[in-house]
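Structure first, then comments.
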Amino acid sequence: MLSRRLLRIKVMKTLYSHFKSESDSVAATEKNLIASVDRTYDLYLQMLWLIVEVARYAEKRIELGRRKKLPTAEDLNPNTKFIDNEVMRQIERSETLLDLLEKRRLGWVTHPELIKSLYAAMTESDYYIKYMSSGDGSYREALQFVEDFYTQTVEDNETVEETVEEQSILWADDVDFALFLVVRTLDAFRPTQREIPLLPQFKNDDDKAFAPELLRLTLRNYDEYLSYLDEFTQNWDVERIAFTDNIIMAAAIAELVGFPSIPVKVTLDEFIEIAKFYSTRGSSTFVNGILDKVIERLSAEDKIAKVGRGLL
């Protein structure tokens with residue numbers, strides 16, 4: 001499931017592109033946002049399939065070894081524990097996943113060099129050597145191996161990140177989150193399942209509507225929100241206020257006034273965290289200070305109305 005934080009980041013990036021391109025089409029911008037959100041879920045599905053492609057590459061290597069004119073004893077009696085991994089096979093047999101991959105035109109067929117490099121990195125790892133020599137053979141061991149593949153071989157792999165960004169510019173910065181979803185999915189695997197427990201794209205209809213609505217509110221009222229920011233940044237050097245900061249704070253204000261069920265503290269904490277990673281050094285402190293003042297003003301003007309106990 002795509003988290004609210006990721007959806008906020010997608011909105012922030014879409015707003016940035018909208019204003020930088022000087023676009024005047026809200027509909028086109030919203031379409032871009034939805035495409036970006038959908039592509040993150042695509043990446044989750046594609047990443048989940050990655051170990052299957054590596055296993056198929058390993059299987060081809062084994063077959064080539066058997067076909068040698070002068071095969072060695074190892075060629076004729078290879079260790080097939082990896083390609084027989086029960087969890088990997090569950091992923092490979094998933095009709096739901098296969099249907100989604102085909103429908104969304106996803107896969108790694110055009111990137112054989114990535115598969116080859118991942119196989120090489122995996123076979124040199126301690127977890128692979130330990131797994132292949134173990135006599136355990138349990139489902140738990142198979143599941144742990146697949147998790148290790150993603151957390152130790154795929155995660156923080158520059159080749160993976162470069163390949164993913166080549167496939168889609170909308171996947172920039174999404175690899176870590178997609179891997180997080182993969183590991184969450186693996187945690188729910190059970191040996192008796194006929195279908196793997198794929199995560200839905202959204203937790204519920206509210207989450208599905210959240211990003212487009214936040215985008216529309218921010219765009220519709222952007223000038224008004226900037227007027228609040230201008231009021232509380234009069235003593236700041238305007239040239240030193242990052243454009244990204246204004247976008248982050250405008251989106252935060254839109255959420256504060258437009259989403260009655262989201263507590264003020266949640267909104268504040270979330271956008272401060274986003275500022276830490278996507279704006280300049282010191283932006284999070286600046287955003288925190290300005291939003292505190294804006295919240296005080298909006299509350300005095302009765303523009304922040306929350307539903308439920310303790311939401312303020």
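Chains: A, B, ... in order of the structure tokens. Residues: from 1 per chain. Ligands: from 1, in order shown.
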Find the nearest atom pair between each residue of region 216-291 of chain A and region 13-25 of chain A for residues within 8 Å, count only C-alpha atoms, give distances in Å to one decimal, sort rows by chain and ascending number, and present the table as a Markdown table.
```
| residue | atom | partner | partner_atom | distance |
| --- | --- | --- | --- | --- |
| A:Leu219 | CA | A:Leu15 | CA | 7.9 |
| A:Thr244 | CA | A:Tyr16 | CA | 7.1 |
| A:Ile247 | CA | A:Tyr16 | CA | 6.9 |
```
Atoms to include: C-alpha atoms. Write the selected residues as a tab-separated table (two decimals), in the first residue's frame.
```
chain	number	residue	atom	x	y	z
A	219	LEU	CA	-3.40	24.81	-6.75
A	244	THR	CA	10.53	24.11	-2.58
A	247	ILE	CA	5.49	24.52	-2.14
```
message: Which residues are close to region 224-231 of chain A, i.e. within 9 Å by only C-alpha atoms, leaving aside same-chain residues fewer than 4 positions away? Reply as number ranges by chain.
response: A: 218, 220, 246, 249-251, 253-254, 290-291, 294, 297
- prompt: Looking at only C-alpha atoms, which of A:Val287, A:Leu7, A:Pro78, A:Pro71 is the one that sits closest to Phe202 (chain A)?
  reply: A:Leu7
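Interatomic distance, CA of Leu199 (chain A) to CA of Glu161 (chain A): 22.3 Å.
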query: DSSP on the backbone: what in region 16-94 of chain A comes out helix (DSSP H, G or I), as a ChimeraX atom specification?
result: /A:16-20,26-66,73-76,86-93
- request: Check the smallest atom-to-atom distance from each of A:Glu158, A:Glu95, A:Glu301, A:Asp173 to Phe277 (chain A) using only C-alpha atoms, then report the winner.
  value: A:Asp173
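Contact shell of Asn157 (chain A) at 12 Å (only C-alpha atoms; same-chain neighbours under 3 positions omitted): A:Leu114, A:Ser117, A:Leu118, A:Ala121, A:Met122, A:Phe149, A:Tyr150, A:Thr151, A:Gln152, A:Thr153, A:Val154, A:Val160, A:Glu161, A:Glu162, A:Thr163, A:Val164, A:Val175, A:Asp176, A:Leu179.
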Please provide the set of residues having any atom within 10 Å of Met88 (chain A), restricted to only C-alpha atoms, with same-chain residues fewer than 2 positions apart removed, written as a PDB file with N, CA, C and O atoms, in the first residue's frame.
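Result saved to selection_1.pdb:
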```pdb
ATOM      1  N   LEU A  48       9.064  -7.161  -7.123  1.00  0.00           N
ATOM      2  CA  LEU A  48       8.688  -8.463  -6.580  1.00  0.00           C
ATOM      3  C   LEU A  48       9.032  -9.581  -7.560  1.00  0.00           C
ATOM      4  O   LEU A  48       9.391 -10.692  -7.170  1.00  0.00           O
ATOM      5  N   TRP A  49       8.956  -9.287  -8.846  1.00  0.00           N
ATOM      6  CA  TRP A  49       9.256 -10.270  -9.882  1.00  0.00           C
ATOM      7  C   TRP A  49      10.755 -10.444 -10.121  1.00  0.00           C
ATOM      8  O   TRP A  49      11.193 -11.422 -10.743  1.00  0.00           O
ATOM      9  N   LEU A  50      11.556  -9.556  -9.602  1.00  0.00           N
ATOM     10  CA  LEU A  50      12.986  -9.522  -9.916  1.00  0.00           C
ATOM     11  C   LEU A  50      13.693 -10.822  -9.572  1.00  0.00           C
ATOM     12  O   LEU A  50      14.518 -11.322 -10.346  1.00  0.00           O
ATOM     13  N   ILE A  51      13.386 -11.399  -8.418  1.00  0.00           N
ATOM     14  CA  ILE A  51      14.094 -12.623  -8.016  1.00  0.00           C
ATOM     15  C   ILE A  51      13.765 -13.787  -8.951  1.00  0.00           C
ATOM     16  O   ILE A  51      14.587 -14.688  -9.158  1.00  0.00           O
ATOM     17  N   VAL A  52      12.584 -13.764  -9.559  1.00  0.00           N
ATOM     18  CA  VAL A  52      12.222 -14.810 -10.515  1.00  0.00           C
ATOM     19  C   VAL A  52      13.135 -14.743 -11.738  1.00  0.00           C
ATOM     20  O   VAL A  52      13.619 -15.778 -12.228  1.00  0.00           O
ATOM     21  N   GLU A  53      13.395 -13.527 -12.209  1.00  0.00           N
ATOM     22  CA  GLU A  53      14.271 -13.369 -13.376  1.00  0.00           C
ATOM     23  C   GLU A  53      15.693 -13.822 -13.058  1.00  0.00           C
ATOM     24  O   GLU A  53      16.366 -14.432 -13.900  1.00  0.00           O
ATOM     25  N   ALA A  55      16.489 -16.101 -10.840  1.00  0.00           N
ATOM     26  CA  ALA A  55      16.437 -17.568 -10.750  1.00  0.00           C
ATOM     27  C   ALA A  55      16.395 -18.198 -12.140  1.00  0.00           C
ATOM     28  O   ALA A  55      17.027 -19.242 -12.384  1.00  0.00           O
ATOM     29  N   PHE A  82      18.711 -22.891  -4.980  1.00  0.00           N
ATOM     30  CA  PHE A  82      18.204 -21.543  -5.260  1.00  0.00           C
ATOM     31  C   PHE A  82      17.050 -21.583  -6.256  1.00  0.00           C
ATOM     32  O   PHE A  82      15.993 -21.007  -6.031  1.00  0.00           O
ATOM     33  N   ILE A  83      17.228 -22.269  -7.376  1.00  0.00           N
ATOM     34  CA  ILE A  83      16.177 -22.263  -8.389  1.00  0.00           C
ATOM     35  C   ILE A  83      14.947 -23.060  -7.956  1.00  0.00           C
ATOM     36  O   ILE A  83      13.875 -22.934  -8.555  1.00  0.00           O
ATOM     37  N   ASP A  84      15.098 -23.872  -6.906  1.00  0.00           N
ATOM     38  CA  ASP A  84      13.963 -24.625  -6.372  1.00  0.00           C
ATOM     39  C   ASP A  84      13.345 -23.937  -5.152  1.00  0.00           C
ATOM     40  O   ASP A  84      12.431 -24.496  -4.537  1.00  0.00           O
ATOM     41  N   ASN A  85      13.849 -22.760  -4.815  1.00  0.00           N
ATOM     42  CA  ASN A  85      13.355 -22.050  -3.628  1.00  0.00           C
ATOM     43  C   ASN A  85      11.828 -21.936  -3.673  1.00  0.00           C
ATOM     44  O   ASN A  85      11.247 -21.433  -4.636  1.00  0.00           O
ATOM     45  N   GLU A  86      11.181 -22.419  -2.627  1.00  0.00           N
ATOM     46  CA  GLU A  86       9.718 -22.507  -2.609  1.00  0.00           C
ATOM     47  C   GLU A  86       9.042 -21.141  -2.672  1.00  0.00           C
ATOM     48  O   GLU A  86       8.011 -20.969  -3.327  1.00  0.00           O
ATOM     49  N   GLN A  90       6.584 -19.606  -5.540  1.00  0.00           N
ATOM     50  CA  GLN A  90       5.253 -19.062  -5.270  1.00  0.00           C
ATOM     51  C   GLN A  90       5.033 -17.756  -6.045  1.00  0.00           C
ATOM     52  O   GLN A  90       3.964 -17.519  -6.601  1.00  0.00           O
ATOM     53  N   ILE A  91       6.061 -16.932  -6.048  1.00  0.00           N
ATOM     54  CA  ILE A  91       5.983 -15.670  -6.794  1.00  0.00           C
ATOM     55  C   ILE A  91       5.831 -15.963  -8.283  1.00  0.00           C
ATOM     56  O   ILE A  91       4.997 -15.382  -8.974  1.00  0.00           O
ATOM     57  N   GLU A  92       6.628 -16.888  -8.786  1.00  0.00           N
ATOM     58  CA  GLU A  92       6.620 -17.225 -10.209  1.00  0.00           C
ATOM     59  C   GLU A  92       5.268 -17.775 -10.656  1.00  0.00           C
ATOM     60  O   GLU A  92       4.828 -17.536 -11.779  1.00  0.00           O
ATOM     61  N   ARG A  93       4.593 -18.516  -9.759  1.00  0.00           N
ATOM     62  CA  ARG A  93       3.320 -19.148 -10.122  1.00  0.00           C
ATOM     63  C   ARG A  93       2.101 -18.248  -9.896  1.00  0.00           C
ATOM     64  O   ARG A  93       0.979 -18.635 -10.241  1.00  0.00           O
ATOM     65  N   ALA A 142      13.772 -20.636   3.271  1.00  0.00           N
ATOM     66  CA  ALA A 142      13.559 -20.165   1.898  1.00  0.00           C
ATOM     67  C   ALA A 142      13.066 -18.724   1.892  1.00  0.00           C
ATOM     68  O   ALA A 142      13.511 -17.902   1.076  1.00  0.00           O
ATOM     69  N   LEU A 143      12.163 -18.421   2.808  1.00  0.00           N
ATOM     70  CA  LEU A 143      11.620 -17.064   2.906  1.00  0.00           C
ATOM     71  C   LEU A 143      12.700 -16.077   3.329  1.00  0.00           C
ATOM     72  O   LEU A 143      12.814 -14.979   2.767  1.00  0.00           O
ATOM     73  N   PHE A 145      15.863 -16.330   2.835  1.00  0.00           N
ATOM     74  CA  PHE A 145      16.793 -16.139   1.719  1.00  0.00           C
ATOM     75  C   PHE A 145      16.267 -15.093   0.734  1.00  0.00           C
ATOM     76  O   PHE A 145      17.016 -14.221   0.284  1.00  0.00           O
ATOM     77  N   VAL A 146      14.983 -15.169   0.405  1.00  0.00           N
ATOM     78  CA  VAL A 146      14.401 -14.213  -0.534  1.00  0.00           C
ATOM     79  C   VAL A 146      14.455 -12.801   0.055  1.00  0.00           C
ATOM     80  O   VAL A 146      14.775 -11.834  -0.646  1.00  0.00           O
TER      81      VAL A 146
END
```
task: Write out as a PyMOL selection string each polymer residue whose atoms come within 12 Å of Lys130 (chain A), counting only C-alpha atoms; drop sequence neighbours fewer than 5 positions from it.
output: chain A and resi 81-82+122-125+135-137+141-142+144-145+148
Pull C-alpha atoms from the residues just selected and write them as a CSV table (one decimal), in the first residue's frame.
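What landed in again33.csv:
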```csv
chain,number,residue,atom,x,y,z
A,81,LYS,CA,18.5,-25.1,-4.1
A,82,PHE,CA,18.2,-21.5,-5.3
A,122,MET,CA,24.1,-12.7,-4.9
A,123,THR,CA,26.3,-15.7,-5.5
A,124,GLU,CA,29.3,-13.9,-3.9
A,125,SER,CA,27.3,-13.0,-0.8
A,135,GLY,CA,20.7,-28.8,5.0
A,136,ASP,CA,17.8,-27.0,6.5
A,137,GLY,CA,15.4,-26.9,3.5
A,141,GLU,CA,14.8,-20.6,5.5
A,142,ALA,CA,13.6,-20.2,1.9
A,144,GLN,CA,14.6,-15.6,4.8
A,145,PHE,CA,16.8,-16.1,1.7
A,148,ASP,CA,18.1,-11.3,2.2
```
